[in-house]
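Okay, upload-v4.pdb now, which holds PDB, C-alpha atoms:
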```
MODEL        1
ATOM      1  CA  MET E1378     186.533-148.100 -51.364
ATOM      2  CA  ALA E1379     183.887-148.110 -54.074
ATOM      3  CA  GLN E1380     181.144-148.130 -51.456
ATOM      4  CA  GLU E1381     182.663-145.241 -49.523
ATOM      5  CA  SER E1382     182.872-143.088 -52.621
ATOM      6  CA  SER E1383     179.348-143.793 -53.769
ATOM      7  CA  ASN E1384     178.084-142.276 -50.516
ATOM      8  CA  SER E1385     180.329-139.220 -50.487
ATOM      9  CA  ASN E1386     180.304-138.439 -54.208
ATOM     10  CA  TRP E1387     176.703-137.379 -54.635
ATOM     11  CA  TRP E1388     177.534-133.682 -54.311
ATOM     12  CA  ILE E1389     179.841-133.714 -57.328
ATOM     13  CA  TRP E1390     176.861-134.549 -59.545
ATOM     14  CA  LYS E1391     174.852-131.750 -58.003
ATOM     15  CA  VAL E1392     177.659-129.331 -58.881
ATOM     16  CA  PHE E1393     177.906-130.878 -62.343
ATOM     17  CA  TRP E1394     174.214-130.365 -63.078
ATOM     18  CA  ILE E1395     174.133-126.812 -61.719
ATOM     19  CA  LEU E1396     177.096-125.774 -63.868
ATOM     20  CA  LEU E1397     175.657-127.613 -66.866
ATOM     21  CA  VAL E1398     172.287-125.876 -66.558
ATOM     22  CA  VAL E1399     173.866-122.408 -66.233
ATOM     23  CA  THR E1400     176.098-123.090 -69.252
ATOM     24  CA  GLY E1401     173.109-124.487 -71.147
ATOM     25  CA  VAL E1402     171.173-121.269 -70.536
ATOM     26  CA  GLU E1403     174.142-119.255 -71.837
ATOM     27  CA  VAL E1404     174.488-121.371 -74.970
ATOM     28  CA  ILE E1405     170.762-121.273 -75.746
ATOM     29  CA  LEU E1406     170.712-117.475 -75.312
ATOM     30  CA  GLY E1407     173.778-117.287 -77.550
ATOM     31  CA  ILE E1408     172.085-119.323 -80.268
ATOM     32  CA  ILE E1409     168.673-117.655 -80.331
ATOM     33  CA  LYS E1410     170.022-114.145 -79.558
ATOM     34  CA  PRO E1411     166.705-112.562 -78.485
ATOM     35  CA  PRO E1412     166.424-109.292 -80.482
ATOM     36  CA  PHE E1413     165.397-107.342 -77.393
ATOM     37  CA  LEU E1414     168.593-108.327 -75.555
ATOM     38  CA  VAL E1415     170.847-107.700 -78.554
ATOM     39  CA  GLU E1416     169.441-104.298 -79.432
ATOM     40  CA  THR E1417     169.353-102.840 -75.932
ATOM     41  CA  ILE E1418     172.677-101.202 -75.196
ATOM     42  CA  PHE E1419     173.439-100.700 -71.515
ATOM     43  CA  LEU E1420     176.713 -99.373 -70.081
ATOM     44  CA  GLY E1421     178.463 -99.602 -73.424
ATOM     45  CA  THR E1422     177.546-103.139 -74.442
ATOM     46  CA  LYS E1423     174.589-105.336 -75.308
ATOM     47  CA  LEU E1424     172.254-106.425 -72.534
ATOM     48  CA  LEU E1425     172.914-110.004 -73.653
ATOM     49  CA  ASN E1426     176.613-109.571 -72.872
ATOM     50  CA  HIS E1427     175.712-108.370 -69.371
ATOM     51  CA  ILE E1428     173.763-111.579 -68.836
ATOM     52  CA  PHE E1429     176.712-113.654 -70.044
ATOM     53  CA  ILE E1430     179.102-111.779 -67.783
ATOM     54  CA  ILE E1431     176.874-112.138 -64.713
ATOM     55  CA  LEU E1432     176.288-115.848 -65.275
ATOM     56  CA  THR E1433     180.017-116.334 -65.858
ATOM     57  CA  LEU E1434     180.870-114.600 -62.596
ATOM     58  CA  VAL E1435     178.307-116.738 -60.784
ATOM     59  CA  LYS E1436     179.845-119.899 -62.254
ATOM     60  CA  ALA E1437     183.353-118.726 -61.394
ATOM     61  CA  ALA E1438     182.365-117.958 -57.810
ATOM     62  CA  TYR E1439     180.658-121.323 -57.514
ATOM     63  CA  ILE E1440     183.736-123.173 -58.787
ATOM     64  CA  VAL E1441     185.955-121.326 -56.328
ATOM     65  CA  MET E1442     183.506-122.059 -53.494
ATOM     66  CA  VAL E1443     183.115-125.760 -54.195
ATOM     67  CA  PHE E1444     186.170-127.073 -56.021
ATOM     68  CA  MET E1445     188.691-124.782 -54.408
ATOM     69  CA  HIS E1446     187.068-125.284 -50.988
ATOM     70  CA  LEU E1447     186.484-121.613 -50.294
ATOM     71  CA  GLY E1448     183.001-122.559 -49.134
ATOM     72  CA  HIS E1449     184.522-124.129 -46.012
ATOM     73  CA  GLU E1450     186.165-120.882 -44.943
ATOM     74  CA  VAL E1451     184.620-118.289 -42.648
ATOM     75  CA  LYS E1452     182.247-115.796 -44.198
ATOM     76  CA  GLY E1453     184.678-112.883 -43.989
ATOM     77  CA  LEU E1454     187.425-114.614 -45.945
ATOM     78  CA  ARG E1455     184.948-115.755 -48.572
ATOM     79  CA  TRP E1456     183.913-112.184 -49.226
ATOM     80  CA  VAL E1457     187.467-110.884 -49.175
ATOM     81  CA  ILE E1458     188.208-113.132 -52.137
ATOM     82  CA  ILE E1459     184.896-112.993 -54.004
ATOM     83  CA  ALA E1460     184.119-109.279 -53.690
ATOM     84  CA  PRO E1461     187.257-107.967 -55.467
ATOM     85  CA  MET E1462     186.595-110.466 -58.246
ATOM     86  CA  PHE E1463     183.066-109.164 -58.682
ATOM     87  CA  VAL E1464     184.339-105.603 -58.823
ATOM     88  CA  LEU E1465     187.588-105.868 -60.766
ATOM     89  CA  ILE E1466     186.508-108.282 -63.514
ATOM     90  CA  PRO E1467     183.488-106.172 -64.547
ATOM     91  CA  TYR E1468     185.730-103.098 -64.352
ATOM     92  CA  LEU E1469     188.329-104.664 -66.661
ATOM     93  CA  LEU E1470     185.587-105.822 -69.028
ATOM     94  CA  PHE E1471     184.047-102.390 -69.062
ATOM     95  CA  ILE E1472     187.362-100.906 -70.158
ATOM     96  CA  LEU E1473     187.981-103.620 -72.767
ATOM     97  CA  LEU E1474     184.508-103.554 -74.272
ATOM     98  CA  VAL E1475     184.201 -99.790 -74.396
ATOM     99  CA  GLU E1476     187.716 -99.083 -75.634
ATOM    100  CA  GLY E1477     187.623-102.052 -78.004
ATOM    101  CA  PHE E1478     184.512-100.840 -79.867
ATOM    102  CA  SER E1479     182.865-104.207 -79.325
ATOM    103  CA  ASN E1480     179.538-102.960 -80.682
ATOM    104  CA  TYR E1481     180.890-101.968 -84.033
ATOM    105  CA  ILE E1482     180.003-105.215 -85.778
TER     106      ILE E1482
ATOM    107  CA  MET G1125     188.795-139.617 -62.165
ATOM    108  CA  SER G1126     188.943-141.751 -65.287
ATOM    109  CA  LEU G1127     185.870-139.807 -66.417
ATOM    110  CA  THR G1128     187.769-136.556 -65.956
ATOM    111  CA  ILE G1129     190.671-137.880 -68.001
ATOM    112  CA  ILE G1130     188.305-138.993 -70.751
ATOM    113  CA  GLY G1131     186.490-135.638 -70.620
ATOM    114  CA  GLY G1132     189.775-133.723 -70.769
ATOM    115  CA  SER G1133     190.893-135.774 -73.754
ATOM    116  CA  MET G1134     187.568-135.136 -75.484
ATOM    117  CA  PHE G1135     188.044-131.418 -74.903
ATOM    118  CA  LEU G1136     191.470-131.597 -76.531
ATOM    119  CA  GLY G1137     190.083-133.583 -79.453
ATOM    120  CA  ALA G1138     187.292-131.067 -79.993
ATOM    121  CA  GLN G1139     189.783-128.235 -79.835
ATOM    122  CA  ALA G1140     192.083-129.896 -82.360
ATOM    123  CA  TRP G1141     189.144-130.360 -84.740
ATOM    124  CA  GLU G1142     188.063-126.755 -84.260
ATOM    125  CA  TRP G1143     191.566-125.407 -84.895
ATOM    126  CA  GLY G1144     191.929-127.539 -88.003
ATOM    127  CA  HIS G1145     188.589-126.274 -89.214
ATOM    128  CA  PHE G1146     189.436-122.600 -88.635
ATOM    129  CA  ILE G1147     192.938-122.842 -90.076
ATOM    130  CA  HIS G1148     191.587-124.550 -93.179
ATOM    131  CA  GLY G1149     188.700-122.080 -93.415
ATOM    132  CA  ASP G1150     185.132-122.321 -94.684
ATOM    133  CA  ARG G1151     184.375-119.950 -97.475
ATOM    134  CA  GLY G1152     187.255-117.521 -97.773
ATOM    135  CA  GLY G1153     187.027-113.776 -97.284
ATOM    136  CA  VAL G1154     188.151-110.613 -99.016
ATOM    137  CA  ASN G1155     190.156-108.078 -97.016
ATOM    138  CA  THR G1156     189.368-104.439 -97.533
ATOM    139  CA  GLU G1157     191.263-101.242 -96.931
ATOM    140  CA  ASN G1158     189.164-100.301 -93.920
ATOM    141  CA  GLU G1159     190.297-103.614 -92.369
ATOM    142  CA  TYR G1160     186.944-105.324 -92.522
ATOM    143  CA  ILE G1161     186.362-108.684 -94.130
ATOM    144  CA  VAL G1162     183.634-109.074 -96.738
ATOM    145  CA  HIS G1163     182.282-112.422 -97.934
ATOM    146  CA  VAL G1164     181.015-113.785-101.203
ATOM    147  CA  ALA G1165     177.257-114.363-101.270
ATOM    148  CA  LYS G1166     174.631-115.616-103.656
ATOM    149  CA  GLY G1167     171.647-113.319-103.350
ATOM    150  CA  GLU G1168     170.802-113.015 -99.657
ATOM    151  CA  LYS G1169     172.686-116.154 -98.675
ATOM    152  CA  LEU G1170     176.368-116.576 -97.853
ATOM    153  CA  SER G1171     178.260-118.478-100.508
ATOM    154  CA  SER G1172     182.019-118.931-100.835
ATOM    155  CA  ILE G1173     184.984-117.799-102.856
ATOM    156  CA  TYR G1174     185.462-121.416-103.901
ATOM    157  CA  ASP G1175     181.965-121.539-105.400
ATOM    158  CA  LEU G1176     182.427-118.263-107.203
ATOM    159  CA  MET G1177     185.788-119.284-108.645
ATOM    160  CA  ASP G1178     184.624-122.840-109.522
ATOM    161  CA  ILE G1179     187.187-124.477-107.277
ATOM    162  CA  ASP G1180     186.620-127.832-105.653
ATOM    163  CA  LYS G1181     187.661-126.973-102.116
ATOM    164  CA  SER G1182     188.089-130.572-101.002
ATOM    165  CA  SER G1183     190.442-131.512-103.812
ATOM    166  CA  HIS G1184     194.078-131.463-102.859
ATOM    167  CA  ASN G1185     195.845-128.148-103.386
ATOM    168  CA  SER G1186     192.810-126.713-105.136
ATOM    169  CA  SER G1187     193.363-123.215-103.838
ATOM    170  CA  LEU G1188     197.010-123.336-104.909
ATOM    171  CA  ASN G1189     195.957-124.303-108.431
ATOM    172  CA  TYR G1190     193.516-121.449-108.585
ATOM    173  CA  PHE G1191     196.176-118.953-107.731
ATOM    174  CA  GLY G1192     198.507-120.639-110.185
ATOM    175  CA  LEU G1193     201.114-120.961-107.468
ATOM    176  CA  GLU G1194     203.194-123.852-106.228
ATOM    177  CA  ASP G1195     203.614-122.725-102.663
ATOM    178  CA  LEU G1196     200.842-120.501-101.398
ATOM    179  CA  THR G1197     202.437-119.380 -98.147
ATOM    180  CA  ASN G1198     205.635-118.139 -99.756
ATOM    181  CA  GLU G1199     204.452-116.894-103.088
ATOM    182  CA  MET G1200     201.276-115.180-101.895
ATOM    183  CA  LYS G1201     203.379-112.701-100.011
ATOM    184  CA  ILE G1202     205.110-111.346-103.085
ATOM    185  CA  GLY G1203     202.431-109.271-104.673
ATOM    186  CA  PHE G1204     199.799-111.520-106.172
ATOM    187  CA  ASP G1205     197.090-109.847-104.133
ATOM    188  CA  GLU G1206     195.975-107.406-106.797
ATOM    189  CA  GLU G1207     195.838-110.128-109.437
ATOM    190  CA  ASN G1208     193.713-112.339-107.202
ATOM    191  CA  VAL G1209     191.275-109.546-106.434
ATOM    192  CA  ASN G1210     191.008-108.721-110.126
ATOM    193  CA  ASN G1211     190.258-112.361-110.944
ATOM    194  CA  LEU G1212     187.495-112.231-108.354
ATOM    195  CA  ILE G1213     185.947-109.106-109.858
ATOM    196  CA  GLU G1214     186.098-110.639-113.349
ATOM    197  CA  LYS G1215     184.258-113.695-112.066
ATOM    198  CA  LEU G1216     181.612-111.474-110.494
ATOM    199  CA  LYS G1217     181.035-109.904-113.889
ATOM    200  CA  GLU G1218     180.627-113.344-115.465
ATOM    201  CA  LYS G1219     178.253-114.604-112.791
ATOM    202  CA  PRO G1220     175.547-112.043-111.987
ATOM    203  CA  GLU G1221     173.948-114.320-109.374
ATOM    204  CA  PHE G1222     176.903-113.784-107.035
ATOM    205  CA  ASN G1223     177.472-110.714-104.884
ATOM    206  CA  ILE G1224     179.160-109.495-101.710
ATOM    207  CA  ARG G1225     178.048-109.403 -98.091
ATOM    208  CA  LYS G1226     179.655-106.596 -96.116
ATOM    209  CA  SER G1227     180.843-107.005 -92.544
ATOM    210  CA  ASN G1228     177.720-105.316 -91.211
ATOM    211  CA  LYS G1229     175.734-108.110 -92.913
ATOM    212  CA  GLU G1230     174.433-105.822 -95.659
ATOM    213  CA  TYR G1231     174.104-107.526 -99.049
ATOM    214  CA  LEU G1232     175.194-105.539-102.089
ATOM    215  CA  THR G1233     173.907-106.106-105.598
ATOM    216  CA  ASN G1234     176.248-107.637-108.153
ATOM    217  CA  LEU G1235     177.169-104.265-109.690
ATOM    218  CA  GLU G1236     177.651-102.625-106.304
ATOM    219  CA  SER G1237     179.830-105.548-105.299
ATOM    220  CA  GLN G1238     182.163-105.106-108.251
ATOM    221  CA  GLU G1239     182.401-101.406-107.521
ATOM    222  CA  TYR G1240     182.970-102.009-103.804
ATOM    223  CA  LEU G1241     185.747-104.526-104.420
ATOM    224  CA  ARG G1242     187.431-102.311-107.011
ATOM    225  CA  LYS G1243     187.513 -99.470-104.508
ATOM    226  CA  ASN G1244     188.278-101.280-101.258
ATOM    227  CA  ALA G1245     189.528-104.841-101.718
ATOM    228  CA  THR G1246     193.173-105.463-100.895
ATOM    229  CA  ASN G1247     193.638-109.229-100.797
ATOM    230  CA  ILE G1248     191.977-112.600-100.324
ATOM    231  CA  SER G1249     192.151-114.575 -97.076
ATOM    232  CA  LEU G1250     191.653-118.326 -96.988
ATOM    233  CA  GLY G1251     191.381-119.742 -93.490
ATOM    234  CA  ALA G1252     192.553-118.177 -90.253
ATOM    235  CA  ASN G1253     195.949-117.967 -88.591
ATOM    236  CA  LEU G1254     198.105-115.388 -86.843
ATOM    237  CA  HIS G1255     198.516-113.352 -90.041
ATOM    238  CA  GLU G1256     195.060-113.360 -91.549
ATOM    239  CA  ASN G1257     191.509-114.314 -90.707
ATOM    240  CA  GLU G1258     188.801-115.011 -93.248
ATOM    241  CA  TYR G1259     186.083-114.731 -90.579
ATOM    242  CA  GLY G1260     186.725-111.215 -89.358
ATOM    243  CA  HIS G1261     189.319-108.945 -87.827
ATOM    244  CA  SER G1262     192.761-110.546 -87.751
ATOM    245  CA  LEU G1263     193.250-109.330 -84.157
ATOM    246  CA  PHE G1264     190.453-111.641 -83.084
ATOM    247  CA  ALA G1265     192.212-114.615 -84.681
ATOM    248  CA  ASP G1266     195.437-113.604 -82.914
ATOM    249  CA  TYR G1267     193.722-113.529 -79.533
ATOM    250  CA  PHE G1268     191.715-116.638 -80.243
ATOM    251  CA  PHE G1269     194.678-118.818 -81.162
ATOM    252  CA  PHE G1270     196.885-117.307 -78.475
ATOM    253  CA  ILE G1271     194.423-117.781 -75.616
ATOM    254  CA  THR G1272     192.900-121.113 -76.633
ATOM    255  CA  GLY G1273     196.370-122.407 -77.491
ATOM    256  CA  PHE G1274     197.735-121.686 -74.041
ATOM    257  CA  HIS G1275     194.564-122.967 -72.420
ATOM    258  CA  GLY G1276     194.707-126.159 -74.472
ATOM    259  CA  PHE G1277     198.309-126.704 -73.426
ATOM    260  CA  HIS G1278     197.327-126.318 -69.761
ATOM    261  CA  VAL G1279     194.525-128.830 -70.246
ATOM    262  CA  PHE G1280     196.976-131.204 -71.909
ATOM    263  CA  SER G1281     199.391-130.907 -68.963
ATOM    264  CA  GLY G1282     196.436-131.413 -66.619
ATOM    265  CA  VAL G1283     195.391-134.620 -68.357
ATOM    266  CA  VAL G1284     198.958-135.977 -68.237
ATOM    267  CA  ILE G1285     199.260-135.154 -64.522
ATOM    268  CA  LEU G1286     195.853-136.714 -63.822
ATOM    269  CA  ILE G1287     196.965-139.913 -65.556
ATOM    270  CA  ILE G1288     200.088-140.006 -63.369
ATOM    271  CA  ILE G1289     197.947-139.514 -60.251
ATOM    272  CA  LEU G1290     195.547-142.253 -61.347
ATOM    273  CA  ILE G1291     198.439-144.679 -61.825
ATOM    274  CA  ASN G1292     199.846-143.742 -58.405
ATOM    275  CA  VAL G1293     196.476-144.236 -56.733
ATOM    276  CA  ILE G1294     196.099-147.671 -58.327
ATOM    277  CA  LYS G1295     199.627-148.600 -57.282
ATOM    278  CA  GLY G1296     198.826-147.468 -53.739
ATOM    279  CA  THR G1297     201.611-144.877 -53.535
ATOM    280  CA  TYR G1298     199.499-142.459 -51.498
ATOM    281  CA  GLU G1299     198.137-145.237 -49.290
ATOM    282  CA  LYS G1300     201.737-146.033 -48.309
ATOM    283  CA  ARG G1301     202.567-142.371 -47.886
ATOM    284  CA  GLY G1302     199.677-142.028 -45.438
ATOM    285  CA  HIS G1303     198.067-138.990 -47.055
ATOM    286  CA  TYR G1304     196.505-137.969 -50.353
ATOM    287  CA  GLU G1305     197.856-134.408 -50.558
ATOM    288  CA  MET G1306     199.135-134.828 -54.118
ATOM    289  CA  VAL G1307     195.625-135.666 -55.313
ATOM    290  CA  GLU G1308     194.377-132.497 -53.660
ATOM    291  CA  LYS G1309     197.106-130.350 -55.228
ATOM    292  CA  VAL G1310     196.517-131.715 -58.716
ATOM    293  CA  GLY G1311     192.798-131.222 -58.165
ATOM    294  CA  LEU G1312     193.428-127.550 -57.405
ATOM    295  CA  TYR G1313     195.502-127.201 -60.585
ATOM    296  CA  TRP G1314     192.778-128.867 -62.642
ATOM    297  CA  HIS G1315     190.106-126.570 -61.230
ATOM    298  CA  PHE G1316     192.269-123.516 -61.804
ATOM    299  CA  VAL G1317     192.363-124.537 -65.482
ATOM    300  CA  ASP G1318     188.594-125.020 -65.647
ATOM    301  CA  LEU G1319     188.046-121.694 -63.885
ATOM    302  CA  VAL G1320     190.010-120.143 -66.765
ATOM    303  CA  TRP G1321     187.829-122.031 -69.237
ATOM    304  CA  VAL G1322     184.679-120.460 -67.757
ATOM    305  CA  PHE G1323     186.024-117.069 -68.814
ATOM    306  CA  VAL G1324     187.533-118.184 -72.113
ATOM    307  CA  PHE G1325     184.219-119.744 -73.078
ATOM    308  CA  THR G1326     182.254-116.609 -72.309
ATOM    309  CA  PHE G1327     184.507-114.131 -74.025
ATOM    310  CA  PHE G1328     185.602-116.091 -77.062
ATOM    311  CA  TYR G1329     182.500-118.103 -77.816
ATOM    312  CA  LEU G1330     179.540-116.176 -76.412
ATOM    313  CA  VAL G1331     180.124-112.419 -76.326
TER     314      VAL G1331
ENDMDL
END
```
Step by step, read the file and then write its structure as structure tokens.
Amino acid sequence: MAQESSNSNWWIWKVFWILLVVTGVEVILGIIKPPFLVETIFLGTKLLNHIFIILTLVKAAYIVMVFMHLGHEVKGLRWVIIAPMFVLIPYLLFILLVEGFSNYI
Amino acid sequence: MSLTIIGGSMFLGAQAWEWGHFIHGDRGGVNTENEYIVHVAKGEKLSSIYDLMDIDKSSHNSSLNYFGLEDLTNEMKIGFDEENVNNLIEKLKEKPEFNIRKSNKEYLTNLESQEYLRKNATNISLGANLHENEYGHSLFADYFFFITGFHGFHVFSGVVILIIILINVIKGTYEKRGHYEMVEKVGLYWHFVDLVWVFVFTFFYLV
């Protein structure tokens, strides 16, 4: 059984490293907070927050594709599930960030 | 799978440490009437209420002794706030090297600090919980503990279920059953929880 798994498990490490790198980029950006990205306000919040949100959505989509096996479905079904997520989550965030005065401090 | 269980346990350990840290607090904060928290600073550098008041934070019950109270949680509620704030202002007068940092990260001079506290300060917050938050707005602490608490509980359940699955796999339960559907189902649950973490991480730790 150990031999079988060593051949079929390689992809899990690929996923691991991709997610780790994306998260690493987010954390590094969060630590150094480039002044340009913090000071530019776009659509009611900092440009930096837009980057975080986009990378988060990419990670979320990737997890759903790989771990929840959506990647094996036909293209149409994939988009039916992913597209609303990409529309509704930014919409909800837009409302929360704008109404919540997130730029005040 | 053992790695996942170890990783999940490490996550829970880190979260327990973090919660303990936040609940205990770092430097203490002063609440103001406009609902913003201001912090004690020394020049242009953050200091702490403990430093200003000459309290050894690590010693047992030190903050209780400072307030002259036996039971902080009960007695603080009955009107010692003004007294505590006044003590703080008196100490600022005694120690000109200390001052206040406002929530917009602007440092006041010592005299301005006294004036600011006299006008705006309402009470002192030590640590963070569902009632107060020395780091910032108390609503953030509410959300933080509420969301990470529920998430942590889901992770805990996930780790327990994973351990059960691991035991069953070793015992050969699924081999006998002829299929590994339970492993798949628990896997889906686990990945639902980590999908939630992706969002929790972004909106509570990054944004």
Residue hits in chain G, query chain E, radius 7 Å, all atoms listed in the file, as a PDB file with C-alpha atoms, in the frame of the given file:
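Final output, saved to result27.pdb:
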```pdb
ATOM      1  CA  ASN G1228     177.720-105.316 -91.211  1.00  0.00           C
ATOM      2  CA  LEU G1312     193.428-127.550 -57.405  1.00  0.00           C
ATOM      3  CA  HIS G1315     190.106-126.570 -61.230  1.00  0.00           C
ATOM      4  CA  LEU G1319     188.046-121.694 -63.885  1.00  0.00           C
ATOM      5  CA  VAL G1322     184.679-120.460 -67.757  1.00  0.00           C
ATOM      6  CA  PHE G1323     186.024-117.069 -68.814  1.00  0.00           C
ATOM      7  CA  THR G1326     182.254-116.609 -72.309  1.00  0.00           C
ATOM      8  CA  LEU G1330     179.540-116.176 -76.412  1.00  0.00           C
ATOM      9  CA  VAL G1331     180.124-112.419 -76.326  1.00  0.00           C
TER      10      VAL G1331
END
```
Item to check | range 1141-1153 of chain G environment, 12 Å, all atoms listed in the file, sequence neighbours closer than 4 positions dropped, as a ChimeraX atom specification | outcome: /G:1134-1137,1159-1165,1170-1177,1179-1182,1185,1187,1209,1212,1224-1227,1241,1245-1262,1265-1266,1268-1270,1272-1273,1276
Since we have the selection now, will you write its residues out, keeping C-alpha atoms, as an mmCIF file, in the coordinates of the input?
```cif
data_model
loop_
_atom_site.group_PDB
_atom_site.id
_atom_site.type_symbol
_atom_site.label_atom_id
_atom_site.label_comp_id
_atom_site.auth_asym_id
_atom_site.auth_seq_id
_atom_site.Cartn_x
_atom_site.Cartn_y
_atom_site.Cartn_z
ATOM 1 C CA MET G 1134 187.568 -135.136 -75.484
ATOM 2 C CA PHE G 1135 188.044 -131.418 -74.903
ATOM 3 C CA LEU G 1136 191.470 -131.597 -76.531
ATOM 4 C CA GLY G 1137 190.083 -133.583 -79.453
ATOM 5 C CA GLU G 1159 190.297 -103.614 -92.369
ATOM 6 C CA TYR G 1160 186.944 -105.324 -92.522
ATOM 7 C CA ILE G 1161 186.362 -108.684 -94.130
ATOM 8 C CA VAL G 1162 183.634 -109.074 -96.738
ATOM 9 C CA HIS G 1163 182.282 -112.422 -97.934
ATOM 10 C CA VAL G 1164 181.015 -113.785 -101.203
ATOM 11 C CA ALA G 1165 177.257 -114.363 -101.270
ATOM 12 C CA LEU G 1170 176.368 -116.576 -97.853
ATOM 13 C CA SER G 1171 178.260 -118.478 -100.508
ATOM 14 C CA SER G 1172 182.019 -118.931 -100.835
ATOM 15 C CA ILE G 1173 184.984 -117.799 -102.856
ATOM 16 C CA TYR G 1174 185.462 -121.416 -103.901
ATOM 17 C CA ASP G 1175 181.965 -121.539 -105.400
ATOM 18 C CA LEU G 1176 182.427 -118.263 -107.203
ATOM 19 C CA MET G 1177 185.788 -119.284 -108.645
ATOM 20 C CA ILE G 1179 187.187 -124.477 -107.277
ATOM 21 C CA ASP G 1180 186.620 -127.832 -105.653
ATOM 22 C CA LYS G 1181 187.661 -126.973 -102.116
ATOM 23 C CA SER G 1182 188.089 -130.572 -101.002
ATOM 24 C CA ASN G 1185 195.845 -128.148 -103.386
ATOM 25 C CA SER G 1187 193.363 -123.215 -103.838
ATOM 26 C CA VAL G 1209 191.275 -109.546 -106.434
ATOM 27 C CA LEU G 1212 187.495 -112.231 -108.354
ATOM 28 C CA ILE G 1224 179.160 -109.495 -101.710
ATOM 29 C CA ARG G 1225 178.048 -109.403 -98.091
ATOM 30 C CA LYS G 1226 179.655 -106.596 -96.116
ATOM 31 C CA SER G 1227 180.843 -107.005 -92.544
ATOM 32 C CA LEU G 1241 185.747 -104.526 -104.420
ATOM 33 C CA ALA G 1245 189.528 -104.841 -101.718
ATOM 34 C CA THR G 1246 193.173 -105.463 -100.895
ATOM 35 C CA ASN G 1247 193.638 -109.229 -100.797
ATOM 36 C CA ILE G 1248 191.977 -112.600 -100.324
ATOM 37 C CA SER G 1249 192.151 -114.575 -97.076
ATOM 38 C CA LEU G 1250 191.653 -118.326 -96.988
ATOM 39 C CA GLY G 1251 191.381 -119.742 -93.490
ATOM 40 C CA ALA G 1252 192.553 -118.177 -90.253
ATOM 41 C CA ASN G 1253 195.949 -117.967 -88.591
ATOM 42 C CA LEU G 1254 198.105 -115.388 -86.843
ATOM 43 C CA HIS G 1255 198.516 -113.352 -90.041
ATOM 44 C CA GLU G 1256 195.060 -113.360 -91.549
ATOM 45 C CA ASN G 1257 191.509 -114.314 -90.707
ATOM 46 C CA GLU G 1258 188.801 -115.011 -93.248
ATOM 47 C CA TYR G 1259 186.083 -114.731 -90.579
ATOM 48 C CA GLY G 1260 186.725 -111.215 -89.358
ATOM 49 C CA HIS G 1261 189.319 -108.945 -87.827
ATOM 50 C CA SER G 1262 192.761 -110.546 -87.751
ATOM 51 C CA ALA G 1265 192.212 -114.615 -84.681
ATOM 52 C CA ASP G 1266 195.437 -113.604 -82.914
ATOM 53 C CA PHE G 1268 191.715 -116.638 -80.243
ATOM 54 C CA PHE G 1269 194.678 -118.818 -81.162
ATOM 55 C CA PHE G 1270 196.885 -117.307 -78.475
ATOM 56 C CA THR G 1272 192.900 -121.113 -76.633
ATOM 57 C CA GLY G 1273 196.370 -122.407 -77.491
ATOM 58 C CA GLY G 1276 194.707 -126.159 -74.472
#
```
Next on the checklist: Can you pull out the residues contacting Gly1131 in chain G? Cut-off 12 Å, using all atoms listed in the file, and skip same-chain residues under 3 positions away; I want them as a PyMOL selection string.
Outcome noted: chain G and resi 1125-1128+1134-1138+1279-1280+1282-1283+1286+1318
Checklist entry - How many Å separate CA of Ile1418 in chain E from CA of Val1324 in chain G? => result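 Taking CA of Ile1418 in chain E and CA of Val1324 in chain G, their separation equals 22.8 Å.
Once the PyMOL selection byres ((chain E and resi 1414) around 7) is applied to this file, the selection holds E:Pro1411, E:Pro1412, E:Phe1413, E:Val1415, E:Glu1416, E:Thr1417, E:Lys1423, E:Leu1424, E:Leu1425.
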Result set of the PyMOL selection byres ((chain G and resi 1214) around 12) on the coordinates above, as a PDB file with C-alpha atoms, in the coordinates of the input:
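Saved as part.pdb:
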```
ATOM      1  CA  LEU G1176     182.427-118.263-107.203  1.00  0.00           C
ATOM      2  CA  MET G1177     185.788-119.284-108.645  1.00  0.00           C
ATOM      3  CA  GLU G1207     195.838-110.128-109.437  1.00  0.00           C
ATOM      4  CA  ASN G1208     193.713-112.339-107.202  1.00  0.00           C
ATOM      5  CA  VAL G1209     191.275-109.546-106.434  1.00  0.00           C
ATOM      6  CA  ASN G1210     191.008-108.721-110.126  1.00  0.00           C
ATOM      7  CA  ASN G1211     190.258-112.361-110.944  1.00  0.00           C
ATOM      8  CA  LEU G1212     187.495-112.231-108.354  1.00  0.00           C
ATOM      9  CA  ILE G1213     185.947-109.106-109.858  1.00  0.00           C
ATOM     10  CA  LYS G1215     184.258-113.695-112.066  1.00  0.00           C
ATOM     11  CA  LEU G1216     181.612-111.474-110.494  1.00  0.00           C
ATOM     12  CA  LYS G1217     181.035-109.904-113.889  1.00  0.00           C
ATOM     13  CA  GLU G1218     180.627-113.344-115.465  1.00  0.00           C
ATOM     14  CA  LYS G1219     178.253-114.604-112.791  1.00  0.00           C
ATOM     15  CA  PRO G1220     175.547-112.043-111.987  1.00  0.00           C
ATOM     16  CA  PHE G1222     176.903-113.784-107.035  1.00  0.00           C
ATOM     17  CA  ASN G1234     176.248-107.637-108.153  1.00  0.00           C
ATOM     18  CA  LEU G1235     177.169-104.265-109.690  1.00  0.00           C
ATOM     19  CA  SER G1237     179.830-105.548-105.299  1.00  0.00           C
ATOM     20  CA  GLN G1238     182.163-105.106-108.251  1.00  0.00           C
ATOM     21  CA  GLU G1239     182.401-101.406-107.521  1.00  0.00           C
ATOM     22  CA  LEU G1241     185.747-104.526-104.420  1.00  0.00           C
ATOM     23  CA  ARG G1242     187.431-102.311-107.011  1.00  0.00           C
TER      24      ARG G1242
END
```
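Our summary of the geometry notes that CA of Lys1166 in chain G is positioned 5.9 Å from CA of Glu1221 in chain G.
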Checklist outcome for this item: note - CA of Val1451 in chain E and CA of Gly1311 in chain G are separated by 21.8 Å
